[in-house]
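Colleague: Dropping in work-v7.pdb, which is PDB, C-alpha atoms:
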ATOM      1  CA  MET A   1     -12.279 -36.000  35.278
ATOM      2  CA  LYS A   2     -15.771 -36.058  33.755
ATOM      3  CA  LEU A   3     -16.415 -32.644  35.241
ATOM      4  CA  ASN A   4     -13.224 -31.321  33.617
ATOM      5  CA  HIS A   5     -14.283 -32.641  30.224
ATOM      6  CA  TYR A   6     -17.746 -31.180  30.654
ATOM      7  CA  LEU A   7     -16.439 -27.733  31.573
ATOM      8  CA  TYR A   8     -13.960 -27.771  28.685
ATOM      9  CA  SER A   9     -16.704 -28.791  26.249
ATOM     10  CA  GLN A  10     -18.890 -25.933  27.471
ATOM     11  CA  LEU A  11     -15.972 -23.544  27.061
ATOM     12  CA  ALA A  12     -15.355 -24.767  23.501
ATOM     13  CA  ILE A  13     -19.001 -24.247  22.567
ATOM     14  CA  THR A  14     -18.713 -20.616  23.699
ATOM     15  CA  PHE A  15     -15.155 -19.879  22.619
ATOM     16  CA  PHE A  16     -15.091 -20.847  18.941
ATOM     17  CA  PRO A  17     -18.028 -18.687  17.740
ATOM     18  CA  ILE A  18     -16.608 -15.646  19.571
ATOM     19  CA  PHE A  19     -13.053 -16.259  18.395
ATOM     20  CA  LEU A  20     -13.995 -16.971  14.774
ATOM     21  CA  GLY A  21     -16.213 -13.888  14.677
ATOM     22  CA  LEU A  22     -13.471 -11.612  16.007
ATOM     23  CA  PHE A  23     -10.889 -13.321  13.778
ATOM     24  CA  PHE A  24     -13.044 -12.722  10.697
ATOM     25  CA  ILE A  25     -13.677  -9.045  11.528
ATOM     26  CA  THR A  26      -9.993  -8.398  12.280
ATOM     27  CA  SER A  27      -8.974 -10.216   9.093
ATOM     28  CA  ILE A  28     -11.226  -7.926   7.056
ATOM     29  CA  VAL A  29      -9.554  -4.880   8.626
ATOM     30  CA  PHE A  30      -6.083  -6.152   7.773
ATOM     31  CA  LEU A  31      -7.118  -7.198   4.260
ATOM     32  CA  VAL A  32      -8.424  -3.673   3.616
ATOM     33  CA  LYS A  33      -5.045  -2.308   4.718
ATOM     34  CA  ILE A  34      -3.269  -4.747   2.408
ATOM     35  CA  ALA A  35      -5.585  -3.879  -0.485
ATOM     36  CA  SER A  36      -4.814  -0.179  -0.001
ATOM     37  CA  LEU A  37      -1.197  -0.948  -0.888
ATOM     38  CA  THR A  38      -2.224  -1.604  -4.486
ATOM     39  CA  SER A  39      -2.266   2.168  -5.017
ATOM     40  CA  ILE A  40       1.524   2.083  -4.521
ATOM     41  CA  ILE A  41       2.594  -1.370  -5.684
ATOM     42  CA  THR A  42       1.225  -4.145  -7.864
ATOM     43  CA  ILE A  43       0.559  -7.490  -6.186
ATOM     44  CA  ASP A  44      -1.094 -10.658  -7.465
ATOM     45  CA  PHE A  45      -3.337 -13.085  -5.582
ATOM     46  CA  PHE A  46      -0.460 -15.196  -4.237
ATOM     47  CA  GLU A  47       1.388 -12.132  -2.989
ATOM     48  CA  LEU A  48      -1.843 -10.953  -1.327
ATOM     49  CA  PHE A  49      -2.117 -14.325   0.415
ATOM     50  CA  ARG A  50       1.551 -14.057   1.406
ATOM     51  CA  LEU A  51       0.998 -10.667   3.055
ATOM     52  CA  TYR A  52      -2.091 -12.009   4.808
ATOM     53  CA  ALA A  53      -0.036 -14.927   6.143
ATOM     54  CA  TYR A  54       2.455 -12.405   7.541
ATOM     55  CA  VAL A  55      -0.280 -10.584   9.511
ATOM     56  CA  THR A  56      -1.991 -13.754  10.766
ATOM     57  CA  PRO A  57       0.112 -13.848  13.989
ATOM     58  CA  GLN A  58      -1.028 -10.289  14.730
ATOM     59  CA  ILE A  59      -4.671 -11.242  14.156
ATOM     60  CA  LEU A  60      -4.322 -14.203  16.520
ATOM     61  CA  PHE A  61      -2.599 -12.051  19.116
ATOM     62  CA  TYR A  62      -5.282  -9.359  19.111
ATOM     63  CA  THR A  63      -8.280 -11.711  19.108
ATOM     64  CA  MET A  64      -7.251 -14.731  21.203
ATOM     65  CA  PRO A  65      -6.835 -13.175  24.707
ATOM     66  CA  ILE A  66     -10.114 -11.256  24.547
ATOM     67  CA  SER A  67     -12.019 -14.208  23.074
ATOM     68  CA  PHE A  68     -10.721 -16.623  25.704
ATOM     69  CA  PHE A  69     -11.405 -14.349  28.669
ATOM     70  CA  ILE A  70     -14.938 -13.447  27.590
ATOM     71  CA  SER A  71     -15.638 -17.098  26.743
ATOM     72  CA  LEU A  72     -14.582 -18.213  30.220
ATOM     73  CA  VAL A  73     -16.849 -15.647  31.855
ATOM     74  CA  ILE A  74     -19.812 -16.480  29.609
ATOM     75  CA  THR A  75     -19.316 -20.216  30.214
ATOM     76  CA  LEU A  76     -19.501 -19.831  33.987
ATOM     77  CA  ALA A  77     -22.376 -17.360  33.709
ATOM     78  CA  LYS A  78     -24.294 -19.810  31.534
ATOM     79  CA  LEU A  79     -23.729 -22.598  34.051
ATOM     80  CA  ALA A  80     -24.807 -20.275  36.855
ATOM     81  CA  SER A  81     -28.000 -19.206  35.068
ATOM     82  CA  GLU A  82     -28.937 -22.877  34.568
ATOM     83  CA  TYR A  83     -28.178 -23.649  38.252
ATOM     84  CA  GLU A  84     -25.407 -26.062  37.247
ATOM     85  CA  LEU A  85     -22.818 -24.140  39.268
ATOM     86  CA  THR A  86     -25.104 -24.510  42.278
ATOM     87  CA  VAL A  87     -25.068 -28.278  41.827
ATOM     88  CA  ILE A  88     -21.284 -28.322  41.310
ATOM     89  CA  THR A  89     -20.779 -26.207  44.432
ATOM     90  CA  SER A  90     -22.989 -28.575  46.446
ATOM     91  CA  PHE A  91     -20.500 -31.354  45.683
ATOM     92  CA  GLY A  92     -17.785 -29.361  47.462
ATOM     93  CA  LEU A  93     -16.188 -27.518  44.555
ATOM     94  CA  ASN A  94     -15.822 -23.852  45.460
ATOM     95  CA  PRO A  95     -14.899 -21.142  42.896
ATOM     96  CA  ILE A  96     -11.161 -21.649  43.480
ATOM     97  CA  ASN A  97     -11.521 -25.344  42.600
ATOM     98  CA  ILE A  98     -13.280 -24.372  39.381
ATOM     99  CA  LEU A  99     -10.470 -21.927  38.724
ATOM    100  CA  LYS A 100      -7.874 -24.695  39.097
ATOM    101  CA  ILE A 101      -9.635 -26.710  36.388
ATOM    102  CA  PHE A 102      -9.175 -23.901  33.852
ATOM    103  CA  LEU A 103      -5.671 -22.941  35.049
ATOM    104  CA  PRO A 104      -3.617 -25.420  32.898
ATOM    105  CA  LEU A 105      -5.431 -24.380  29.712
ATOM    106  CA  THR A 106      -4.974 -20.711  30.564
ATOM    107  CA  LEU A 107      -1.252 -21.220  31.228
ATOM    108  CA  LEU A 108      -0.867 -22.969  27.879
ATOM    109  CA  LEU A 109      -2.700 -20.175  26.067
ATOM    110  CA  SER A 110      -0.564 -17.429  27.662
ATOM    111  CA  ALA A 111       2.611 -19.352  26.753
ATOM    112  CA  LEU A 112       1.479 -19.689  23.129
ATOM    113  CA  LEU A 113       0.570 -16.003  22.994
ATOM    114  CA  LEU A 114       4.064 -15.116  24.231
ATOM    115  CA  VAL A 115       5.579 -17.205  21.433
ATOM    116  CA  VAL A 116       3.326 -15.541  18.855
ATOM    117  CA  SER A 117       3.752 -11.969  20.097
ATOM    118  CA  VAL A 118       7.381 -11.838  21.182
ATOM    119  CA  GLY A 119       8.654 -14.446  18.737
ATOM    120  CA  LEU A 120       6.626 -14.439  15.529
ATOM    121  CA  ILE A 121       5.248 -10.904  15.169
ATOM    122  CA  PRO A 122       8.651  -9.116  14.961
ATOM    123  CA  LYS A 123       9.800 -11.605  12.318
ATOM    124  CA  THR A 124       6.629 -11.332  10.231
ATOM    125  CA  LYS A 125       6.671  -7.528  10.464
ATOM    126  CA  PHE A 126      10.246  -7.546   9.178
ATOM    127  CA  LEU A 127       9.271  -9.875   6.315
ATOM    128  CA  THR A 128       6.341  -7.607   5.450
ATOM    129  CA  LYS A 129       8.548  -4.505   5.354
ATOM    130  CA  GLN A 130      11.132  -6.390   3.312
ATOM    131  CA  PHE A 131       8.500  -7.514   0.819
ATOM    132  CA  LEU A 132       7.047  -4.004   0.477
ATOM    133  CA  ASP A 133      10.541  -2.546   0.120
ATOM    134  CA  VAL A 134      11.264  -4.920  -2.755
ATOM    135  CA  LYS A 135       7.959  -4.235  -4.495
ATOM    136  CA  THR A 136       8.337  -0.472  -4.049
ATOM    137  CA  LYS A 137      11.783  -0.483  -5.620
ATOM    138  CA  GLU A 138      10.483  -2.592  -8.451
ATOM    139  CA  ALA A 139       7.607  -0.152  -8.968
ATOM    140  CA  ASN A 140       9.984   2.827  -8.976
ATOM    141  CA  PHE A 141      12.003   1.191 -11.751
ATOM    142  CA  ASN A 142       9.899   1.941 -14.806
ATOM    143  CA  ILE A 143      11.944   2.043 -17.990
ATOM    144  CA  LYS A 144       9.875   2.903 -21.043
ATOM    145  CA  ALA A 145      10.638   1.895 -24.608
ATOM    146  CA  SER A 146      12.101   4.387 -27.113
ATOM    147  CA  GLU A 147      12.651   7.154 -24.549
ATOM    148  CA  PHE A 148      15.973   8.929 -23.942
ATOM    149  CA  GLY A 149      17.376  10.225 -20.658
ATOM    150  CA  GLN A 150      16.292   7.279 -18.490
ATOM    151  CA  LYS A 151      18.664   5.921 -15.863
ATOM    152  CA  PHE A 152      19.485   2.637 -14.180
ATOM    153  CA  GLY A 153      21.635   3.745 -11.257
ATOM    154  CA  ASP A 154      24.673   5.486 -12.790
ATOM    155  CA  TRP A 155      23.883   4.155 -16.281
ATOM    156  CA  LEU A 156      21.932   5.937 -18.959
ATOM    157  CA  ILE A 157      19.668   3.341 -20.553
ATOM    158  CA  TYR A 158      17.729   3.055 -23.781
ATOM    159  CA  ILE A 159      15.519   0.142 -24.841
ATOM    160  CA  SER A 160      13.617  -0.577 -28.035
ATOM    161  CA  GLY A 161      10.951  -2.819 -26.514
ATOM    162  CA  LYS A 162       9.686  -4.293 -23.272
ATOM    163  CA  ASN A 163       7.655  -7.353 -22.302
ATOM    164  CA  ASN A 164       7.086  -7.623 -18.547
ATOM    165  CA  LYS A 165      10.654  -7.901 -17.141
ATOM    166  CA  VAL A 166      12.313  -8.718 -20.462
ATOM    167  CA  TYR A 167      13.875  -5.793 -22.370
ATOM    168  CA  ASP A 168      14.869  -5.813 -26.047
ATOM    169  CA  ASP A 169      17.781  -4.093 -27.777
ATOM    170  CA  VAL A 170      19.292  -2.603 -24.620
ATOM    171  CA  LYS A 171      21.941   0.137 -24.711
ATOM    172  CA  LEU A 172      23.762   1.366 -21.588
ATOM    173  CA  PHE A 173      26.201   4.266 -21.293
ATOM    174  CA  LYS A 174      28.248   5.602 -18.392
ATOM    175  CA  THR A 175      31.145   8.018 -17.966
ATOM    176  CA  GLU A 176      33.471   7.298 -15.031
ATOM    177  CA  GLN A 177      37.024   8.509 -14.269
ATOM    178  CA  LYS A 178      37.552   9.874 -17.782
ATOM    179  CA  LYS A 179      36.434   6.557 -19.261
ATOM    180  CA  ASP A 180      33.345   6.038 -21.339
ATOM    181  CA  GLN A 181      31.616   2.681 -21.007
ATOM    182  CA  PHE A 182      29.119   1.598 -23.619
ATOM    183  CA  ILE A 183      27.186  -1.687 -23.607
ATOM    184  CA  ILE A 184      24.783  -3.075 -26.148
ATOM    185  CA  SER A 185      22.781  -6.250 -25.693
ATOM    186  CA  ASP A 186      20.084  -8.084 -27.640
ATOM    187  CA  THR A 187      17.992  -8.762 -24.544
ATOM    188  CA  ALA A 188      18.103  -8.102 -20.804
ATOM    189  CA  ILE A 189      16.118  -9.530 -17.892
ATOM    190  CA  LEU A 190      15.414  -7.483 -14.782
ATOM    191  CA  ASP A 191      15.973  -9.382 -11.547
ATOM    192  CA  ASN A 192      14.868  -8.105  -8.137
ATOM    193  CA  ASP A 193      16.629  -9.984  -5.339
ATOM    194  CA  LYS A 194      15.349  -8.598  -2.013
ATOM    195  CA  GLY A 195      15.470  -5.039  -3.270
ATOM    196  CA  ALA A 196      18.778  -5.314  -5.164
ATOM    197  CA  LEU A 197      17.969  -4.749  -8.822
ATOM    198  CA  SER A 198      20.181  -6.259 -11.494
ATOM    199  CA  PHE A 199      20.179  -6.624 -15.266
ATOM    200  CA  LYS A 200      21.136  -9.928 -16.825
ATOM    201  CA  LEU A 201      22.340  -8.970 -20.292
ATOM    202  CA  LYS A 202      22.496 -11.601 -23.033
ATOM    203  CA  ASP A 203      24.513 -11.700 -26.268
ATOM    204  CA  GLY A 204      26.134  -8.312 -26.448
ATOM    205  CA  LYS A 205      29.258  -6.195 -26.571
ATOM    206  CA  ALA A 206      30.894  -3.906 -24.042
ATOM    207  CA  PHE A 207      33.184  -1.011 -25.030
ATOM    208  CA  ILE A 208      35.563   0.838 -22.690
ATOM    209  CA  ILE A 209      36.934   4.047 -24.238
ATOM    210  CA  ASP A 210      39.558   6.424 -22.867
ATOM    211  CA  ASP A 211      41.980   8.931 -24.386
ATOM    212  CA  LYS A 212      44.464   6.265 -25.474
ATOM    213  CA  GLU A 213      42.615   3.089 -26.360
ATOM    214  CA  LEU A 214      39.346   1.355 -27.027
ATOM    215  CA  ASN A 215      38.656  -2.080 -25.557
ATOM    216  CA  GLN A 216      35.880  -4.369 -26.738
ATOM    217  CA  ILE A 217      34.454  -7.332 -24.854
ATOM    218  CA  ASP A 218      32.025  -9.776 -26.427
ATOM    219  CA  PHE A 219      29.839 -11.622 -23.935
ATOM    220  CA  THR A 220      27.055 -14.153 -23.842
ATOM    221  CA  SER A 221      25.828 -12.991 -20.432
ATOM    222  CA  MET A 222      26.663 -10.119 -18.105
ATOM    223  CA  TYR A 223      25.194  -8.855 -14.828
ATOM    224  CA  ILE A 224      24.911  -5.168 -13.960
ATOM    225  CA  ASN A 225      23.892  -4.618 -10.361
ATOM    226  CA  ASP A 226      22.328  -1.597  -8.782
ATOM    227  CA  SER A 227      20.136  -0.769  -5.804
ATOM    228  CA  ILE A 228      17.624   1.983  -6.524
ATOM    229  CA  ALA A 229      17.622   3.023  -2.881
ATOM    230  CA  ASP A 230      19.559   1.813   0.091
ATOM    231  CA  SER A 231      17.470  -0.396   2.338
ATOM    232  CA  LYS A 232      17.122   0.756   5.933
ATOM    233  CA  LEU A 233      15.586  -2.490   7.142
ATOM    234  CA  GLY A 234      18.779  -3.987   8.466
ATOM    235  CA  VAL A 235      19.051  -7.717   9.143
ATOM    236  CA  PHE A 236      16.783  -9.882  11.269
ATOM    237  CA  THR A 237      18.716 -12.813  12.728
ATOM    238  CA  ASP A 238      16.589 -14.173  15.568
ATOM    239  CA  THR A 239      14.049 -12.929  18.095
ATOM    240  CA  TYR A 240      16.426 -12.926  21.057
ATOM    241  CA  THR A 241      18.997 -10.784  19.242
ATOM    242  CA  TYR A 242      16.259  -8.498  17.939
ATOM    243  CA  TRP A 243      14.851  -7.678  21.388
ATOM    244  CA  LYS A 244      18.303  -7.580  22.998
ATOM    245  CA  ASN A 245      19.454  -4.904  20.536
ATOM    246  CA  ASN A 246      16.183  -2.980  20.877
ATOM    247  CA  ILE A 247      16.475  -2.908  24.673
ATOM    248  CA  LYS A 248      20.051  -1.635  24.391
ATOM    249  CA  LYS A 249      18.962   1.089  21.972
ATOM    250  CA  GLY A 250      15.752   1.857  23.862
ATOM    251  CA  VAL A 251      13.671   1.134  20.762
ATOM    252  CA  ASP A 252      10.172  -0.467  20.734
ATOM    253  CA  ILE A 253      10.331  -1.326  24.448
ATOM    254  CA  ASP A 254       6.703  -0.245  24.790
ATOM    255  CA  ASP A 255       5.819  -2.858  22.163
ATOM    256  CA  LEU A 256       7.643  -5.548  24.147
ATOM    257  CA  THR A 257       5.778  -4.711  27.361
ATOM    258  CA  PHE A 258       2.486  -4.573  25.471
ATOM    259  CA  PHE A 259       3.114  -7.998  23.911
ATOM    260  CA  ILE A 260       4.019  -9.647  27.212
ATOM    261  CA  LEU A 261       1.281  -8.071  29.310
ATOM    262  CA  THR A 262      -1.416  -8.748  26.716
ATOM    263  CA  SER A 263      -0.293 -12.376  26.482
ATOM    264  CA  LEU A 264      -0.631 -12.687  30.260
ATOM    265  CA  PHE A 265      -4.070 -11.067  30.370
ATOM    266  CA  PRO A 266      -6.103 -14.334  30.481
ATOM    267  CA  LEU A 267      -3.881 -15.690  33.251
ATOM    268  CA  LEU A 268      -3.930 -12.509  35.322
ATOM    269  CA  SER A 269      -7.708 -12.174  35.026
ATOM    270  CA  LEU A 270      -8.813 -15.562  36.352
ATOM    271  CA  PHE A 271     -10.204 -14.018  39.555
ATOM    272  CA  LEU A 272     -12.403 -11.808  37.380
ATOM    273  CA  VAL A 273     -13.711 -14.897  35.577
ATOM    274  CA  ILE A 274     -15.263 -16.305  38.730
ATOM    275  CA  THR A 275     -16.228 -12.835  39.991
ATOM    276  CA  PHE A 276     -18.260 -12.089  36.854
ATOM    277  CA  GLY A 277     -19.327 -15.663  36.114
ATOM    278  CA  TYR A 278     -20.794 -16.565  39.502
ATOM    279  CA  PHE A 279     -24.185 -15.090  40.290
ATOM    280  CA  ASN A 280     -27.524 -16.210  41.686
ATOM    281  CA  PRO A 281     -30.048 -16.131  38.812
ATOM    282  CA  ARG A 282     -32.933 -15.849  41.279
ATOM    283  CA  TYR A 283     -31.780 -12.523  42.721
ATOM    284  CA  GLU A 284     -29.273 -11.117  40.222
ATOM    285  CA  LYS A 285     -29.175 -10.324  36.516
ATOM    286  CA  ASN A 286     -26.575 -11.758  34.168
ATOM    287  CA  ARG A 287     -24.201  -8.876  33.464
ATOM    288  CA  ALA A 288     -21.182 -11.061  32.679
ATOM    289  CA  VAL A 289     -20.528  -9.739  29.160
ATOM    290  CA  PHE A 290     -20.916  -6.098  30.222
ATOM    291  CA  PHE A 291     -18.479  -6.499  33.127
ATOM    292  CA  SER A 292     -16.061  -8.469  30.929
ATOM    293  CA  LEU A 293     -15.897  -5.710  28.330
ATOM    294  CA  ILE A 294     -15.234  -3.130  31.057
ATOM    295  CA  ALA A 295     -12.412  -5.333  32.407
ATOM    296  CA  VAL A 296     -10.848  -5.735  28.953
ATOM    297  CA  VAL A 297     -10.928  -1.994  28.249
ATOM    298  CA  SER A 298      -9.588  -1.198  31.736
ATOM    299  CA  TYR A 299      -6.666  -3.593  31.353
ATOM    300  CA  TYR A 300      -5.631  -2.268  27.950
ATOM    301  CA  VAL A 301      -5.930   1.333  29.147
ATOM    302  CA  LEU A 302      -3.774   0.419  32.140
ATOM    303  CA  ILE A 303      -1.133  -1.036  29.835
ATOM    304  CA  LYS A 304      -1.058   2.084  27.675
ATOM    305  CA  ILE A 305      -1.083   4.617  30.505
ATOM    306  CA  ILE A 306       1.432   2.905  32.789
ATOM    307  CA  GLY A 307       3.286   0.667  30.338
ATOM    308  CA  ASP A 308       4.254   3.466  27.950
ATOM    309  CA  ARG A 309       5.694   5.479  30.848
ATOM    310  CA  ILE A 310       7.614   2.985  32.963
ATOM    311  CA  LEU A 311       8.337   0.527  30.114
ATOM    312  CA  LEU A 312      10.022  -2.661  31.401
ATOM    313  CA  HIS A 313       9.059  -1.924  35.004
ATOM    314  CA  ALA A 314       5.457  -2.398  33.904
ATOM    315  CA  LEU A 315       6.152  -6.126  33.562
ATOM    316  CA  TYR A 316       5.921  -6.508  37.333
ATOM    317  CA  VAL A 317       4.017  -3.358  38.371
ATOM    318  CA  ILE A 318       0.897  -3.982  36.275
ATOM    319  CA  PRO A 319       0.532  -7.708  37.152
ATOM    320  CA  ILE A 320       0.825  -6.868  40.859
ATOM    321  CA  ILE A 321      -1.767  -4.078  40.598
ATOM    322  CA  TRP A 322      -4.145  -6.166  38.492
ATOM    323  CA  LEU A 323      -3.885  -9.342  40.579
ATOM    324  CA  ALA A 324      -4.267  -7.438  43.833
ATOM    325  CA  GLY A 325      -7.242  -5.477  42.538
ATOM    326  CA  THR A 326      -9.034  -8.514  41.087
ATOM    327  CA  TYR A 327      -8.428 -10.601  44.217
ATOM    328  CA  VAL A 328      -9.827  -7.843  46.425
ATOM    329  CA  LEU A 329     -12.885  -7.642  44.167
ATOM    330  CA  TYR A 330     -13.287 -11.428  44.347
ATOM    331  CA  SER A 331     -12.904 -11.410  48.145
ATOM    332  CA  LYS A 332     -15.503  -8.660  48.580
ATOM    333  CA  THR A 333     -18.077 -10.434  46.407
ATOM    334  CA  ILE A 334     -17.928 -14.122  45.472
ATOM    335  CA  LYS A 335     -15.669 -15.374  48.254
ATOM    336  CA  LYS A 336     -18.185 -14.272  50.876
ATOM    337  CA  GLU A 337     -21.031 -16.162  49.197
ATOM    338  CA  TYR A 338     -19.261 -19.389  48.321
TER
END
In structure tokens, how does this file's structure come out?

Modeller:
Amino acid sequence: MKLNHYLYSQLAITFFPIFLGLFFITSIVFLVKIASLTSIITIDFFELFRLYAYVTPQILFYTMPISFFISLVITLAKLASEYELTVITSFGLNPINILKIFLPLTLLLSALLLVVSVGLIPKTKFLTKQFLDVKTKEANFNIKASEFGQKFGDWLIYISGKNNKVYDDVKLFKTEQKKDQFIISDTAILDNDKGALSFKLKDGKAFIIDDKELNQIDFTSMYINDSIADSKLGVFTDTYTYWKNNIKKGVDIDDLTFFILTSLFPLLSLFLVITFGYFNPRYEKNRAVFFSLIAVVSYYVLIKIIGDRILLHALYVIPIIWLAGTYVLYSKTIKKEY
């Protein structure tokens, strides 16, 4: 038990600086992307923080597997360079026993990554697109004071003044089915509810004119609804339904395989951890980080080359190939020595 705690403490010392560094760098990249949106829409500080919160699951997903794998390798390599692994091995713990100590934590991490990637990322991406859709529609609606020929949907609109989303002395006109509709209002407030724009008119009159009669309606409040552009986002109910429909339609299946296989990367690469981490400092150089980076790049290239072609079949093909290859490498190197 003390050995477990010691190994976990050594892993934590290595993991958090690597993870926080990668998390910070990736966050900067995403924040730059978010900031570039200000050329299209206007967002305040709280909306910027909201968008950043939406991309946080993606940042965790891209940084956590790599950080954990490299940290495991560096931890064992550090112990090997200080001859601590030699002492541990002398007490009867071979590399597989060391692997079993890290296995529960690795299983937990892969499970959490599956929840983040398959569960949270699709939802947060939908919320991001929904937010941008709303802000874009709001930006496209730009009624200026004292100008003729402006439109709100099917209505011609004229305003005398404007303060943020409050409009003064509003006049609306529309011709429909040989009927003229004319509305005047002292004030109107623009409301944007998930992309559906509406005017809340206060204290005004509405006139409906046809060939035979003229009707007048006095009102204290009236809503006129309109959507500047039809939203193509659809509806997001839950993750299961989302992926079920996508699989039926053959949409984003490559994303699903990428999410699952990347989440399983730390678990599938445990043989590489002991292969790269174990070495004799008297006769060998510490190349753990170099080998780890090659392994990470190789795995992601394998996912893209094979995963994008065979899609769902990659969920069992790639793990079999990777596990078999890493076990053979372990058997040819570390297993012989320890």

Colleague: Mind giving me the straight-line distance from CA of Lys249 (chain A) to CA of Thr237 (chain A) in Å, one decimal?

Modeller: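 Computing the Euclidean distance for CA of Lys249 (chain A) and CA of Thr237 (chain A) yields 16.7 Å.
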
Colleague: Measuring between only C-alpha atoms, which one of A:Lys244, A:His5, A:Lys200, A:Lys171 shows the shortest distance to Met222 (chain A)?

Modeller: A:Lys200

Colleague: Write out as a PDB file with C-alpha atoms, keeping the file's coordinate frame each polymer residue whose atoms come within 7 Å of region 203-216 of chain A, counting all atoms listed in the file; drop sequence neighbours fewer than 6 positions from it.

Modeller:
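part_12.pdb, written as the output of this step:
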ATOM      1  CA  LYS A 178      37.552   9.874 -17.782  1.00  0.00           C
ATOM      2  CA  LYS A 179      36.434   6.557 -19.261  1.00  0.00           C
ATOM      3  CA  ASP A 180      33.345   6.038 -21.339  1.00  0.00           C
ATOM      4  CA  GLN A 181      31.616   2.681 -21.007  1.00  0.00           C
ATOM      5  CA  PHE A 182      29.119   1.598 -23.619  1.00  0.00           C
ATOM      6  CA  ILE A 183      27.186  -1.687 -23.607  1.00  0.00           C
ATOM      7  CA  ILE A 184      24.783  -3.075 -26.148  1.00  0.00           C
ATOM      8  CA  SER A 185      22.781  -6.250 -25.693  1.00  0.00           C
ATOM      9  CA  ASP A 186      20.084  -8.084 -27.640  1.00  0.00           C
TER      10      ASP A 186
END

Colleague: Please determine the residues with any atom at most 10 Å from (-14.2, -21.2, 26.3) (coordinates as given in the file, with only C-alpha atoms counting) and report them as a list in words.

Modeller: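 Within 10 Å of (-14.2, -21.2, 26.3), the protein and nucleic acid residues are Leu7, Tyr8, Ser9, Gln10, Leu11, Ala12, Ile13, Thr14, Phe15, Phe16, Pro17, Ile18, Phe19, Ser67, Phe68, Phe69, Ile70, Ser71, Leu72, Val73, Ile74, Thr75, Leu76, Phe102 and Leu105 of chain A.
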
Colleague: Rounded to one decimal place, report the CA of Pro57 (chain A)-CA of Gly250 (chain A) distance in Å.

Modeller: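 Taking CA of Pro57 (chain A) as the start and CA of Gly250 (chain A) as the end point, the length is 24.3 Å.
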
Colleague: I'd like the contact shell of region 288-304 of chain A - 10 Å cut-off, all atoms listed in the file, skipping same-chain residues fewer than 4 positions apart - returned as a VMD selection string.

Modeller: chain A and resid 65 to 66 69 to 78 254 257 to 258 261 to 262 265 to 266 269 272 to 279 308 to 309 311 314 to 315 318 321 to 322 326

Colleague: Between CA of Thr56 (chain A) and CA of Leu20 (chain A), what is the spacing in Å?

Modeller: 13.1 Å
